[in-house]
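Student: Starting off with a structure, shown below.
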Amino acid sequence: MLRKNPGFTAVAVLTLALGIGMNTAMFSVANTVLVKSFPYPDPERIVMFQNKYKGGRTGSASPTGFNWWRQQTQAFEDVSAYDFSVANLTGESFPEQISTMDVSADFFQLCGVNALNGRTFTAADDLPNAPKRLVLAYGFWQRNFGGDPQVIGRRISLNGERYEIIGVLGPYFQNGQIAERSSLSGDIETYEPPDVYIPFQLDPYSSSHGHYFNVAGRLKPGVTIADANARLQASYQEYGRRWPDDFSPDTGFGVQGWQDAIVGGVQNSLLMLLGAVGLVLLIACANVANLVLARATTRKREIAIRGALGAGRGRIARQLLTESVMLSFAGGVLGLAAGYAGIHAILSLIPGNIPRIGGGGSNLSLDWRVLAFVASTP
(Lines give C-alpha, C1' and ligand atoms only; values in the text may rest on other atoms or scores of the structure.)
Protein backbone atom coordinates (compact mmCIF):
# COMPACT_ATOMS: atom_id res chain seq x y z
CA MET A 1 0.00 0.00 0.00
CA LEU A 2 2.87 2.38 0.73
CA ARG A 3 4.54 1.56 -2.58
CA LYS A 4 1.30 2.35 -4.38
CA ASN A 5 1.39 5.88 -2.93
CA PRO A 6 5.05 6.91 -3.31
CA GLY A 7 4.38 10.64 -3.01
CA PHE A 8 2.53 10.31 0.30
CA THR A 9 5.10 7.81 1.62
CA ALA A 10 8.09 9.97 0.69
CA VAL A 11 6.63 13.14 2.23
CA ALA A 12 5.59 11.37 5.45
CA VAL A 13 8.92 9.55 5.89
CA LEU A 14 11.03 12.65 5.15
CA THR A 15 8.93 14.77 7.51
CA LEU A 16 9.40 12.26 10.32
CA ALA A 17 13.10 11.86 9.49
CA LEU A 18 13.64 15.62 9.75
CA GLY A 19 12.07 15.83 13.21
CA ILE A 20 13.68 12.61 14.50
CA GLY A 21 17.05 13.51 13.01
CA MET A 22 17.20 16.88 14.78
CA ASN A 23 16.16 15.28 18.06
CA THR A 24 18.66 12.44 17.65
CA ALA A 25 21.53 14.86 17.12
CA MET A 26 20.51 17.06 20.03
CA PHE A 27 19.84 14.13 22.36
CA SER A 28 23.22 12.59 21.50
CA VAL A 29 24.93 15.77 22.66
CA ALA A 30 22.81 16.08 25.81
CA ASN A 31 23.29 12.38 26.60
CA THR A 32 27.09 12.65 26.39
CA VAL A 33 27.34 15.91 28.32
CA LEU A 34 24.59 15.62 30.95
CA VAL A 35 23.70 11.94 31.38
CA LYS A 36 26.75 9.75 30.96
CA SER A 37 28.81 9.34 34.10
CA PHE A 38 32.56 9.77 34.11
CA PRO A 39 34.39 6.48 33.41
CA TYR A 40 36.15 6.48 36.77
CA PRO A 41 35.56 4.45 39.96
CA ASP A 42 32.74 5.91 42.08
CA PRO A 43 32.40 9.06 39.95
CA GLU A 44 29.67 10.39 42.24
CA ARG A 45 32.33 10.81 44.97
CA ILE A 46 34.67 12.90 42.81
CA VAL A 47 34.42 16.64 43.51
CA MET A 48 36.05 19.82 42.28
CA PHE A 49 37.40 22.21 44.90
CA GLN A 50 36.27 25.79 44.51
CA ASN A 51 36.72 29.30 45.84
CA LYS A 52 33.38 30.91 46.65
CA TYR A 53 32.77 34.63 46.20
CA LYS A 54 29.75 36.91 46.47
CA GLY A 55 29.40 36.87 42.70
CA GLY A 56 29.73 33.10 42.31
CA ARG A 57 32.47 30.51 42.43
CA THR A 58 35.49 29.36 40.47
CA GLY A 59 37.44 26.14 40.35
CA SER A 60 40.74 27.88 39.72
CA ALA A 61 43.15 27.08 42.58
CA SER A 62 46.36 28.41 44.11
CA PRO A 63 49.30 26.47 45.61
CA THR A 64 48.41 27.59 49.14
CA GLY A 65 44.79 26.56 48.61
CA PHE A 66 45.78 23.18 47.20
CA ASN A 67 48.17 22.43 50.05
CA TRP A 68 45.45 23.39 52.53
CA TRP A 69 42.76 21.27 50.87
CA ARG A 70 44.82 18.11 50.78
CA GLN A 71 45.34 18.42 54.53
CA GLN A 72 41.58 18.01 55.06
CA THR A 73 41.88 14.24 55.31
CA GLN A 74 38.75 13.84 57.45
CA ALA A 75 36.58 14.40 54.38
CA PHE A 76 38.78 13.86 51.31
CA GLU A 77 41.26 11.49 49.74
CA ASP A 78 43.26 11.47 46.51
CA VAL A 79 43.27 15.27 46.30
CA SER A 80 45.01 16.13 43.05
CA ALA A 81 46.03 19.25 41.16
CA TYR A 82 45.99 19.33 37.37
CA ASP A 83 46.60 21.81 34.59
CA PHE A 84 46.88 21.77 30.80
CA SER A 85 49.55 23.15 28.53
CA VAL A 86 51.50 22.49 25.35
CA ALA A 87 55.18 21.73 24.76
CA ASN A 88 57.55 21.56 21.84
CA LEU A 89 58.82 18.03 21.27
CA THR A 90 62.27 18.04 19.69
CA GLY A 91 65.01 15.54 19.04
CA GLU A 92 62.70 12.93 17.49
CA SER A 93 62.07 12.29 13.78
CA PHE A 94 60.55 15.76 13.42
CA PRO A 95 59.66 18.51 15.91
CA GLU A 96 56.03 19.00 16.86
CA GLN A 97 53.87 20.71 19.43
CA ILE A 98 52.10 18.29 21.76
CA SER A 99 49.48 18.69 24.48
CA THR A 100 50.64 18.11 28.05
CA MET A 101 48.99 17.77 31.44
CA ASP A 102 50.66 18.60 34.74
CA VAL A 103 49.27 16.35 37.47
CA SER A 104 50.10 15.76 41.11
CA ALA A 105 50.99 12.30 42.37
CA ASP A 106 47.45 11.25 43.38
CA PHE A 107 45.89 12.02 40.00
CA PHE A 108 46.03 8.52 38.53
CA GLN A 109 44.77 6.99 41.76
CA LEU A 110 41.88 9.46 41.71
CA CYS A 111 40.99 8.31 38.20
CA GLY A 112 41.52 4.63 39.06
CA VAL A 113 44.09 3.99 36.34
CA ASN A 114 47.33 2.00 36.34
CA ALA A 115 50.14 2.01 33.82
CA LEU A 116 49.98 -0.48 30.95
CA ASN A 117 53.76 -0.45 30.84
CA GLY A 118 56.09 0.90 33.50
CA ARG A 119 54.54 2.95 36.32
CA THR A 120 52.81 6.22 37.13
CA PHE A 121 54.03 8.94 39.49
CA THR A 122 54.93 8.55 43.15
CA ALA A 123 55.08 11.20 45.85
CA ALA A 124 58.85 11.38 45.31
CA ASP A 125 58.35 12.25 41.61
CA ASP A 126 56.06 15.12 42.63
CA LEU A 127 58.53 16.91 44.90
CA PRO A 128 60.10 20.19 43.74
CA ASN A 129 63.41 19.69 41.91
CA ALA A 130 62.77 15.93 41.54
CA PRO A 131 64.11 14.30 38.35
CA LYS A 132 62.14 15.20 35.23
CA ARG A 133 59.92 12.26 34.34
CA LEU A 134 56.74 11.75 32.36
CA VAL A 135 54.06 9.21 31.44
CA LEU A 136 52.89 8.72 27.86
CA ALA A 137 49.28 8.53 26.75
CA TYR A 138 48.51 5.37 24.78
CA GLY A 139 47.74 7.14 21.49
CA PHE A 140 50.94 9.17 21.63
CA TRP A 141 52.94 6.03 22.43
CA GLN A 142 51.47 4.25 19.40
CA ARG A 143 51.84 7.24 17.09
CA ASN A 144 55.37 8.34 17.99
CA PHE A 145 56.98 5.15 19.26
CA GLY A 146 55.11 2.47 17.34
CA GLY A 147 53.98 0.82 20.58
CA ASP A 148 57.59 -0.13 21.44
CA PRO A 149 57.55 -1.83 24.89
CA GLN A 150 61.22 -0.86 25.34
CA VAL A 151 60.32 2.83 25.50
CA ILE A 152 60.57 2.85 29.31
CA GLY A 153 63.78 4.59 30.33
CA ARG A 154 64.17 6.52 27.08
CA ARG A 155 64.43 10.30 27.20
CA ILE A 156 62.68 12.91 25.10
CA SER A 157 63.12 16.68 24.92
CA LEU A 158 60.23 18.98 25.80
CA ASN A 159 60.87 22.71 25.51
CA GLY A 160 64.58 21.99 25.50
CA GLU A 161 64.57 19.90 28.70
CA ARG A 162 65.16 16.15 28.88
CA TYR A 163 62.47 13.96 30.45
CA GLU A 164 62.66 10.26 31.26
CA ILE A 165 59.72 8.09 30.18
CA ILE A 166 58.62 5.99 33.17
CA GLY A 167 55.23 4.67 32.04
CA VAL A 168 52.57 4.27 29.37
CA LEU A 169 48.83 4.43 30.04
CA GLY A 170 46.40 1.94 28.53
CA PRO A 171 43.94 2.69 25.72
CA TYR A 172 40.99 2.62 28.11
CA PHE A 173 42.16 5.86 29.72
CA GLN A 174 41.16 8.42 27.12
CA ASN A 175 41.29 11.55 29.21
CA GLY A 176 39.18 13.80 27.01
CA GLN A 177 36.45 13.64 29.65
CA ILE A 178 38.58 15.34 32.25
CA ALA A 179 40.15 17.74 29.79
CA GLU A 180 38.31 20.75 31.05
CA ARG A 181 39.36 23.57 33.30
CA SER A 182 37.32 26.22 35.06
CA SER A 183 38.75 29.62 34.20
CA LEU A 184 38.88 32.64 36.49
CA SER A 185 35.66 33.91 34.92
CA GLY A 186 33.90 30.66 35.83
CA ASP A 187 33.72 29.48 32.21
CA ILE A 188 34.88 26.05 31.12
CA GLU A 189 37.83 25.88 28.77
CA THR A 190 38.16 22.66 26.81
CA TYR A 191 41.42 21.02 25.83
CA GLU A 192 42.60 18.22 23.63
CA PRO A 193 43.39 14.98 25.49
CA PRO A 194 47.01 15.16 26.67
CA ASP A 195 49.81 13.33 24.88
CA VAL A 196 52.04 13.21 27.96
CA TYR A 197 51.59 13.63 31.71
CA ILE A 198 54.18 15.51 33.77
CA PRO A 199 54.49 15.72 37.58
CA PHE A 200 53.18 19.02 38.89
CA GLN A 201 55.94 19.29 41.55
CA LEU A 202 54.19 22.00 43.54
CA ASP A 203 56.06 23.20 46.60
CA PRO A 204 54.22 21.89 49.71
CA TYR A 205 55.45 25.00 51.57
CA SER A 206 54.59 27.49 48.83
CA SER A 207 53.22 30.91 49.82
CA SER A 208 51.94 31.70 46.33
CA HIS A 209 48.28 32.73 46.04
CA GLY A 210 48.22 32.80 42.23
CA HIS A 211 45.26 30.90 40.78
CA TYR A 212 46.23 28.96 37.66
CA PHE A 213 45.18 25.30 37.94
CA ASN A 214 42.33 23.06 39.13
CA VAL A 215 42.01 20.68 42.05
CA ALA A 216 39.82 17.58 42.25
CA GLY A 217 39.49 14.96 44.95
CA ARG A 218 37.38 12.09 46.19
CA LEU A 219 34.99 12.22 49.12
CA LYS A 220 35.70 9.66 51.78
CA PRO A 221 33.05 6.93 52.12
CA GLY A 222 30.05 8.21 54.04
CA VAL A 223 30.88 11.90 53.51
CA THR A 224 28.30 13.88 51.54
CA ILE A 225 28.92 17.02 49.51
CA ALA A 226 27.01 19.02 52.12
CA ASP A 227 29.25 17.62 54.89
CA ALA A 228 32.37 18.40 52.86
CA ASN A 229 31.23 21.98 52.19
CA ALA A 230 30.50 22.56 55.87
CA ARG A 231 33.92 21.26 56.91
CA LEU A 232 35.75 23.27 54.26
CA GLN A 233 33.95 26.47 55.14
CA ALA A 234 34.73 25.91 58.81
CA SER A 235 38.40 25.39 57.96
CA TYR A 236 38.50 28.66 55.98
CA GLN A 237 38.74 30.68 59.19
CA GLU A 238 41.85 28.76 60.19
CA TYR A 239 43.22 29.21 56.67
CA GLY A 240 42.71 32.97 57.10
CA ARG A 241 44.77 32.95 60.28
CA ARG A 242 47.54 31.08 58.43
CA TRP A 243 47.35 33.28 55.31
CA PRO A 244 45.76 36.60 56.31
CA ASP A 245 46.80 38.21 53.01
CA ASP A 246 44.59 35.72 51.14
CA PHE A 247 41.57 35.95 53.44
CA SER A 248 38.32 37.86 53.04
CA PRO A 249 35.11 37.53 55.08
CA ASP A 250 33.12 37.51 51.83
CA THR A 251 34.88 34.46 50.39
CA GLY A 252 35.25 30.82 51.32
CA PHE A 253 36.02 27.28 50.23
CA GLY A 254 33.66 24.67 48.87
CA VAL A 255 33.28 21.67 46.59
CA GLN A 256 30.90 20.71 43.82
CA GLY A 257 30.24 17.38 42.18
CA TRP A 258 32.75 17.01 39.37
CA GLN A 259 30.17 16.44 36.67
CA ASP A 260 28.04 19.37 37.86
CA ALA A 261 31.11 21.61 37.94
CA ILE A 262 32.14 20.62 34.43
CA VAL A 263 28.75 20.81 32.67
CA GLY A 264 26.91 23.39 34.77
CA GLY A 265 27.74 26.24 32.40
CA VAL A 266 26.07 24.61 29.40
CA GLN A 267 23.27 22.63 31.04
CA ASN A 268 20.54 25.24 30.62
CA SER A 269 21.50 25.93 27.00
CA LEU A 270 21.39 22.24 26.13
CA LEU A 271 18.04 21.71 27.83
CA MET A 272 16.52 24.71 26.03
CA LEU A 273 17.78 23.46 22.67
CA LEU A 274 16.49 19.96 23.45
CA GLY A 275 13.08 21.44 24.19
CA ALA A 276 13.17 23.48 20.98
CA VAL A 277 13.92 20.51 18.75
CA GLY A 278 11.28 18.53 20.66
CA LEU A 279 8.72 21.08 19.47
CA VAL A 280 10.00 20.58 15.91
CA LEU A 281 9.30 16.84 16.31
CA LEU A 282 5.78 17.54 17.58
CA ILE A 283 5.14 19.75 14.53
CA ALA A 284 6.49 17.03 12.24
CA CYS A 285 4.24 14.40 13.87
CA ALA A 286 1.23 16.70 13.61
CA ASN A 287 1.91 17.24 9.91
CA VAL A 288 2.20 13.50 9.29
CA ALA A 289 -1.01 12.91 11.25
CA ASN A 290 -2.79 15.44 9.04
CA LEU A 291 -1.45 13.68 5.94
CA VAL A 292 -2.68 10.31 7.23
CA LEU A 293 -6.13 11.71 8.03
CA ALA A 294 -6.36 13.40 4.63
CA ARG A 295 -5.38 10.14 2.95
CA ALA A 296 -7.94 8.24 5.01
CA THR A 297 -10.78 10.28 3.54
CA THR A 298 -9.77 9.08 0.07
CA ARG A 299 -9.76 5.42 1.21
CA LYS A 300 -13.44 5.18 2.19
CA ARG A 301 -14.24 3.04 -0.82
CA GLU A 302 -11.24 0.76 -0.21
CA ILE A 303 -12.21 0.25 3.44
CA ALA A 304 -15.84 -0.39 2.45
CA ILE A 305 -14.73 -3.07 -0.02
CA ARG A 306 -12.51 -4.69 2.63
CA GLY A 307 -15.53 -4.78 4.95
CA ALA A 308 -17.73 -6.27 2.25
CA LEU A 309 -15.16 -9.01 1.69
CA GLY A 310 -15.39 -9.98 5.37
CA ALA A 311 -12.73 -7.92 7.10
CA GLY A 312 -13.82 -6.92 10.59
CA ARG A 313 -13.05 -3.66 12.33
CA GLY A 314 -10.06 -5.21 14.11
CA ARG A 315 -8.59 -6.46 10.84
CA ILE A 316 -8.98 -3.04 9.20
CA ALA A 317 -7.50 -1.29 12.26
CA ARG A 318 -4.49 -3.65 12.18
CA GLN A 319 -3.99 -2.83 8.50
CA LEU A 320 -3.94 0.90 9.17
CA LEU A 321 -1.71 0.52 12.27
CA THR A 322 0.73 -1.63 10.31
CA GLU A 323 1.06 1.08 7.68
CA SER A 324 1.64 3.71 10.40
CA VAL A 325 4.26 1.54 12.10
CA MET A 326 6.06 1.06 8.80
CA LEU A 327 6.07 4.82 8.24
CA SER A 328 7.43 5.36 11.77
CA PHE A 329 10.09 2.68 11.34
CA ALA A 330 11.28 4.11 8.03
CA GLY A 331 11.28 7.63 9.43
CA GLY A 332 13.17 6.46 12.53
CA VAL A 333 15.91 4.67 10.57
CA LEU A 334 16.37 7.59 8.19
CA GLY A 335 16.19 10.06 11.09
CA LEU A 336 18.87 8.17 13.01
CA ALA A 337 21.22 8.40 10.04
CA ALA A 338 20.34 12.05 9.45
CA GLY A 339 20.84 12.81 13.14
CA TYR A 340 24.40 11.58 13.21
CA ALA A 341 25.12 13.32 9.95
CA GLY A 342 23.78 16.55 11.43
CA ILE A 343 25.56 16.49 14.78
CA HIS A 344 28.17 19.01 13.64
CA ALA A 345 25.38 21.36 12.52
CA ILE A 346 23.80 21.09 15.97
CA LEU A 347 27.15 21.78 17.64
CA SER A 348 27.53 24.96 15.59
CA LEU A 349 24.28 26.29 17.11
CA ILE A 350 25.62 26.05 20.67
CA PRO A 351 27.86 28.99 21.59
CA GLY A 352 31.17 28.47 23.40
CA ASN A 353 33.00 25.31 24.30
CA ILE A 354 31.00 22.19 25.11
CA PRO A 355 32.64 19.99 27.76
CA ARG A 356 32.91 16.20 27.49
CA ILE A 357 32.21 15.88 23.75
CA GLY A 358 35.87 15.75 22.67
CA GLY A 359 37.46 17.43 19.69
CA GLY A 360 34.90 17.78 16.90
CA GLY A 361 32.43 15.65 18.86
CA SER A 362 34.71 12.60 18.98
CA ASN A 363 33.19 11.41 22.28
CA LEU A 364 29.65 11.35 20.89
CA SER A 365 28.58 7.76 20.44
CA LEU A 366 25.52 5.64 19.74
CA ASP A 367 24.48 3.88 22.95
CA TRP A 368 21.32 2.26 24.25
CA ARG A 369 19.92 5.57 25.50
CA VAL A 370 20.06 7.14 22.04
CA LEU A 371 18.55 4.03 20.43
CA ALA A 372 15.75 3.93 23.04
CA PHE A 373 15.08 7.62 22.44
CA VAL A 374 14.86 7.16 18.67
CA ALA A 375 12.65 4.08 19.07
CA SER A 376 10.23 6.01 21.31
CA THR A 377 9.97 9.21 19.27
CA PRO A 378 7.83 8.05 16.30
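Ordering of the C-alpha coordinates sets the chain letters (A, B, ...), residue numbers begin anew at 1 in every chain, and ligands are numbered from 1 in the order given.
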Based on the backbone DSSP call, show me all residues of stretch 92-244 of chain A assigned helix (DSSP H, G or I), as number ranges by chain.
Tutor: A: 107-111, 138-145, 149-151, 175-177, 225-242, 244
Student: Between A:Asn88, A:Asn287, A:Gln109, A:Ser328, which one has atoms that come closest to A:Ser376, using only C-alpha atoms?
Tutor: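 Between A:Asn88, A:Asn287, A:Gln109, A:Ser328, the residue approaching A:Ser376 most closely is A:Ser328.
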Student: Atom CA of A:Asp125 and atom CA of A:Leu110 are how many Å apart?
Tutor: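 A separation of 16.7 Å between them.
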Student: Distance atom CA of A:Gly56-atom CA of A:Ile225, one decimal place?
Tutor: 17.6 Å
Student: Calculated over only C-alpha atoms, which of the candidates A:Pro149, A:Gly240, A:Pro39, A:Pro194 has the smallest distance to A:Phe253?
Tutor: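 Checking each of A:Pro149, A:Gly240, A:Pro39, A:Pro194 against A:Phe253, counting only C-alpha atoms, the winner is A:Gly240.
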Student: DSSP on the backbone: what in stretch 239-323 of chain A comes out strand (DSSP E or B), as a ChimeraX atom specification?
Tutor: /A:252-257
Student: Mind checking which residues fall within 9 Å of A:Val151, counting only C-alpha atoms, ignoring those fewer than 2 positions away in the same chain, and posting them as number ranges by chain?
Tutor: A: 141, 145, 147-149, 153-155, 165-168
Student: Can you work out which one of A:Val215, A:Ala330, A:Val135, A:Ile357 has the shortest atom-to-atom distance to A:Thr58, counting only C-alpha atoms?
Tutor: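 The answer is A:Val215, which sits nearest to A:Thr58.
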Student: Would you write out, as CSV, a table of all residues in stretch 165-283 of chain A that have an atom no more than 9 Å from an atom of stretch 21-38 of chain A, listing for each the closest atom pair and the distance in Å to one decimal, considering only C-alpha atoms and ordering rows by chain and rising residue number?
Tutor:
residue,atom,partner,partner_atom,distance
A:Gln177,CA,A:Phe38,CA,7.1
A:Ile178,CA,A:Phe38,CA,8.4
A:Trp258,CA,A:Phe38,CA,9.0
A:Gln259,CA,A:Phe38,CA,7.5
A:Asp260,CA,A:Leu34,CA,8.6
A:Val263,CA,A:Val33,CA,6.7
A:Gly264,CA,A:Leu34,CA,9.0
A:Val266,CA,A:Val33,CA,8.9
A:Gln267,CA,A:Leu34,CA,7.1
A:Leu270,CA,A:Ala30,CA,6.3
A:Leu271,CA,A:Ala30,CA,7.7
A:Leu273,CA,A:Met26,CA,7.4
A:Leu274,CA,A:Met26,CA,6.0
A:Val277,CA,A:Asn23,CA,5.7
A:Gly278,CA,A:Asn23,CA,6.4
A:Val280,CA,A:Met22,CA,8.2
A:Leu281,CA,A:Asn23,CA,7.3
Student: Env of stretch 202-209 of chain A: 7 Å cut, atoms = only C-alpha atoms, seq-sep filter 2 positions within chain, self excluded. Answer as a list in words.
Tutor: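 The residues satisfying every condition are Ser62, Pro63, Thr64, Asn67, Leu127, Pro128, Phe200, His211 and Asp246 of chain A.
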Student: Those residues you just picked out, can you put them in a file as a PDB file, in the first residue's frame with all heavy atoms?
Tutor:
ATOM      1  N   SER A  62      45.013  27.904  43.850  1.00  0.00           N
ATOM      2  CA  SER A  62      46.363  28.409  44.109  1.00  0.00           C
ATOM      3  C   SER A  62      47.159  27.338  44.848  1.00  0.00           C
ATOM      4  O   SER A  62      46.581  26.426  45.444  1.00  0.00           O
ATOM      5  CB  SER A  62      46.298  29.678  44.956  1.00  0.00           C
ATOM      6  OG  SER A  62      45.799  29.381  46.255  1.00  0.00           O
ATOM      7  N   PRO A  63      48.502  27.435  44.857  1.00  0.00           N
ATOM      8  CA  PRO A  63      49.302  26.469  45.607  1.00  0.00           C
ATOM      9  C   PRO A  63      48.964  26.434  47.092  1.00  0.00           C
ATOM     10  O   PRO A  63      48.883  25.356  47.686  1.00  0.00           O
ATOM     11  CB  PRO A  63      50.738  26.948  45.357  1.00  0.00           C
ATOM     12  CG  PRO A  63      50.681  27.604  44.016  1.00  0.00           C
ATOM     13  CD  PRO A  63      49.350  28.285  43.989  1.00  0.00           C
ATOM     14  N   THR A  64      48.745  27.604  47.724  1.00  0.00           N
ATOM     15  CA  THR A  64      48.406  27.591  49.140  1.00  0.00           C
ATOM     16  C   THR A  64      47.047  26.935  49.373  1.00  0.00           C
ATOM     17  O   THR A  64      46.868  26.190  50.348  1.00  0.00           O
ATOM     18  CB  THR A  64      48.391  29.022  49.702  1.00  0.00           C
ATOM     19  OG1 THR A  64      47.563  29.854  48.879  1.00  0.00           O
ATOM     20  CG2 THR A  64      49.796  29.594  49.751  1.00  0.00           C
ATOM     21  N   ASN A  67      47.494  23.047  48.907  1.00  0.00           N
ATOM     22  CA  ASN A  67      48.169  22.432  50.050  1.00  0.00           C
ATOM     23  C   ASN A  67      47.256  22.389  51.276  1.00  0.00           C
ATOM     24  O   ASN A  67      47.324  21.443  52.069  1.00  0.00           O
ATOM     25  CB  ASN A  67      49.452  23.196  50.378  1.00  0.00           C
ATOM     26  CG  ASN A  67      50.526  23.001  49.324  1.00  0.00           C
ATOM     27  OD1 ASN A  67      50.619  21.937  48.716  1.00  0.00           O
ATOM     28  ND2 ASN A  67      51.341  24.018  49.097  1.00  0.00           N
ATOM     29  N   LEU A 127      57.861  15.917  44.066  1.00  0.00           N
ATOM     30  CA  LEU A 127      58.529  16.914  44.896  1.00  0.00           C
ATOM     31  C   LEU A 127      59.245  17.936  44.023  1.00  0.00           C
ATOM     32  O   LEU A 127      59.708  17.624  42.918  1.00  0.00           O
ATOM     33  CB  LEU A 127      59.535  16.232  45.821  1.00  0.00           C
ATOM     34  CG  LEU A 127      58.947  15.335  46.909  1.00  0.00           C
ATOM     35  CD1 LEU A 127      60.061  14.617  47.649  1.00  0.00           C
ATOM     36  CD2 LEU A 127      58.091  16.159  47.877  1.00  0.00           C
ATOM     37  N   PRO A 128      59.358  19.182  44.505  1.00  0.00           N
ATOM     38  CA  PRO A 128      60.097  20.192  43.740  1.00  0.00           C
ATOM     39  C   PRO A 128      61.539  19.742  43.502  1.00  0.00           C
ATOM     40  O   PRO A 128      62.165  19.110  44.363  1.00  0.00           O
ATOM     41  CB  PRO A 128      60.057  21.422  44.650  1.00  0.00           C
ATOM     42  CG  PRO A 128      58.870  21.210  45.526  1.00  0.00           C
ATOM     43  CD  PRO A 128      58.769  19.738  45.742  1.00  0.00           C
ATOM     44  N   PHE A 200      53.406  17.605  38.624  1.00  0.00           N
ATOM     45  CA  PHE A 200      53.179  19.021  38.892  1.00  0.00           C
ATOM     46  C   PHE A 200      54.333  19.613  39.704  1.00  0.00           C
ATOM     47  O   PHE A 200      54.760  20.745  39.486  1.00  0.00           O
ATOM     48  CB  PHE A 200      51.863  19.208  39.661  1.00  0.00           C
ATOM     49  CG  PHE A 200      51.116  20.427  39.247  1.00  0.00           C
ATOM     50  CD1 PHE A 200      49.787  20.345  38.849  1.00  0.00           C
ATOM     51  CD2 PHE A 200      51.718  21.674  39.254  1.00  0.00           C
ATOM     52  CE1 PHE A 200      49.081  21.469  38.466  1.00  0.00           C
ATOM     53  CE2 PHE A 200      51.012  22.806  38.863  1.00  0.00           C
ATOM     54  CZ  PHE A 200      49.698  22.709  38.479  1.00  0.00           C
ATOM     55  N   HIS A 211      46.226  31.927  41.177  1.00  0.00           N
ATOM     56  CA  HIS A 211      45.261  30.897  40.776  1.00  0.00           C
ATOM     57  C   HIS A 211      45.498  30.544  39.306  1.00  0.00           C
ATOM     58  O   HIS A 211      45.251  31.364  38.423  1.00  0.00           O
ATOM     59  CB  HIS A 211      43.834  31.425  40.960  1.00  0.00           C
ATOM     60  CG  HIS A 211      43.438  31.589  42.387  1.00  0.00           C
ATOM     61  ND1 HIS A 211      42.286  31.048  42.904  1.00  0.00           N
ATOM     62  CD2 HIS A 211      44.045  32.227  43.420  1.00  0.00           C
ATOM     63  CE1 HIS A 211      42.193  31.355  44.182  1.00  0.00           C
ATOM     64  NE2 HIS A 211      43.257  32.073  44.515  1.00  0.00           N
ATOM     65  N   ASP A 246      45.448  36.375  52.131  1.00  0.00           N
ATOM     66  CA  ASP A 246      44.593  35.722  51.137  1.00  0.00           C
ATOM     67  C   ASP A 246      43.213  35.436  51.732  1.00  0.00           C
ATOM     68  O   ASP A 246      42.513  34.541  51.276  1.00  0.00           O
ATOM     69  CB  ASP A 246      45.246  34.419  50.660  1.00  0.00           C
ATOM     70  CG  ASP A 246      44.586  33.870  49.395  1.00  0.00           C
ATOM     71  OD1 ASP A 246      44.205  34.669  48.531  1.00  0.00           O
ATOM     72  OD2 ASP A 246      44.434  32.632  49.290  1.00  0.00           O
TER      73      ASP A 246
END
Student: Skip A:Asn229 itself and residues of its chain fewer than 2 positions away, then list as a PyMOL selection string all residues within 9 Å of it, counting only C-alpha atoms.
Tutor: chain A and resi 224-227+231-234+253-256
Student: For the selection just defined, write its residues with N, CA, C and O atoms to a file, as a CSV table (one decimal), in the first residue's frame.
Tutor:
chain,number,residue,atom,x,y,z
A,224,THR,N,29.1,13.3,52.6
A,224,THR,CA,28.3,13.9,51.5
A,224,THR,C,28.9,15.2,51.1
A,224,THR,O,29.8,15.8,51.8
A,225,ILE,N,28.4,15.7,50.0
A,225,ILE,CA,28.9,17.0,49.5
A,225,ILE,C,28.6,18.1,50.5
A,225,ILE,O,29.4,19.0,50.8
A,226,ALA,N,27.4,18.0,51.1
A,226,ALA,CA,27.0,19.0,52.1
A,226,ALA,C,28.0,19.0,53.3
A,226,ALA,O,28.4,20.0,53.8
A,227,ASP,N,28.3,17.8,53.8
A,227,ASP,CA,29.2,17.6,54.9
A,227,ASP,C,30.6,18.2,54.5
A,227,ASP,O,31.2,19.0,55.3
A,231,ARG,N,32.6,21.4,56.3
A,231,ARG,CA,33.9,21.3,56.9
A,231,ARG,C,34.9,22.2,56.3
A,231,ARG,O,35.8,22.8,57.0
A,232,LEU,N,34.8,22.4,54.9
A,232,LEU,CA,35.7,23.3,54.3
A,232,LEU,C,35.5,24.7,54.7
A,232,LEU,O,36.5,25.5,54.9
A,233,GLN,N,34.2,25.1,54.8
A,233,GLN,CA,33.9,26.5,55.1
A,233,GLN,C,34.4,26.7,56.6
A,233,GLN,O,34.9,27.8,56.9
A,234,ALA,N,34.3,25.7,57.4
A,234,ALA,CA,34.7,25.9,58.8
A,234,ALA,C,36.2,26.0,58.8
A,234,ALA,O,36.8,26.8,59.7
A,253,PHE,N,35.7,28.5,51.0
A,253,PHE,CA,36.0,27.3,50.2
A,253,PHE,C,34.8,26.4,50.1
A,253,PHE,O,33.9,26.4,51.0
A,254,GLY,N,34.8,25.6,49.1
A,254,GLY,CA,33.7,24.7,48.9
A,254,GLY,C,34.0,23.6,47.8
A,254,GLY,O,35.1,23.7,47.2
A,255,VAL,N,33.1,22.7,47.6
A,255,VAL,CA,33.3,21.7,46.6
A,255,VAL,C,32.0,21.5,45.8
A,255,VAL,O,30.9,21.9,46.3
A,256,GLN,N,32.1,21.0,44.6
A,256,GLN,CA,30.9,20.7,43.8
A,256,GLN,C,31.1,19.4,43.1
A,256,GLN,O,32.3,19.1,42.8
Student: To one decimal in Å, tell me the separation between atom CA of A:Tyr138 and atom CA of A:Asn117.
Tutor: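 Taking atom CA of A:Tyr138 as the start and atom CA of A:Asn117 as the end point, the length is 9.9 Å.
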Student: Select, from A:Gln319, A:Asn214, A:Thr251, A:Thr9, the residue with the minimum atom-to-atom distance to A:Gly55, counting only C-alpha atoms.
Tutor: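 Of the candidates, the smallest distance to A:Gly55 is held by A:Thr251.
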Student: Excluding A:Val333 and any residue of its chain fewer than 2 positions from it, enumerate the residues within 12 Å of it, using only C-alpha atoms, and give them as a list in words.
Tutor: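 Residues near the query, excluding close chain neighbours: Val13, Leu14, Leu16, Ala17, Leu18, Ile20, Gly21, Thr24, Met326, Leu327, Ser328, Phe329, Ala330, Gly331, Gly335, Leu336, Ala337, Ala338, Gly339, Tyr340, Leu371, Val374, Ala375, Thr377 and Pro378 of chain A.
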Student: Excluding A:Ala81 and its own-chain neighbours fewer than 5 positions away, which residues fall within 9 Å of it when counting only C-alpha atoms? Please give them as JSON, numbers by chain.
Tutor: {"A": [61, 66, 102, 103, 104, 105, 106, 107, 200, 202, 213, 214, 215, 216, 217]}
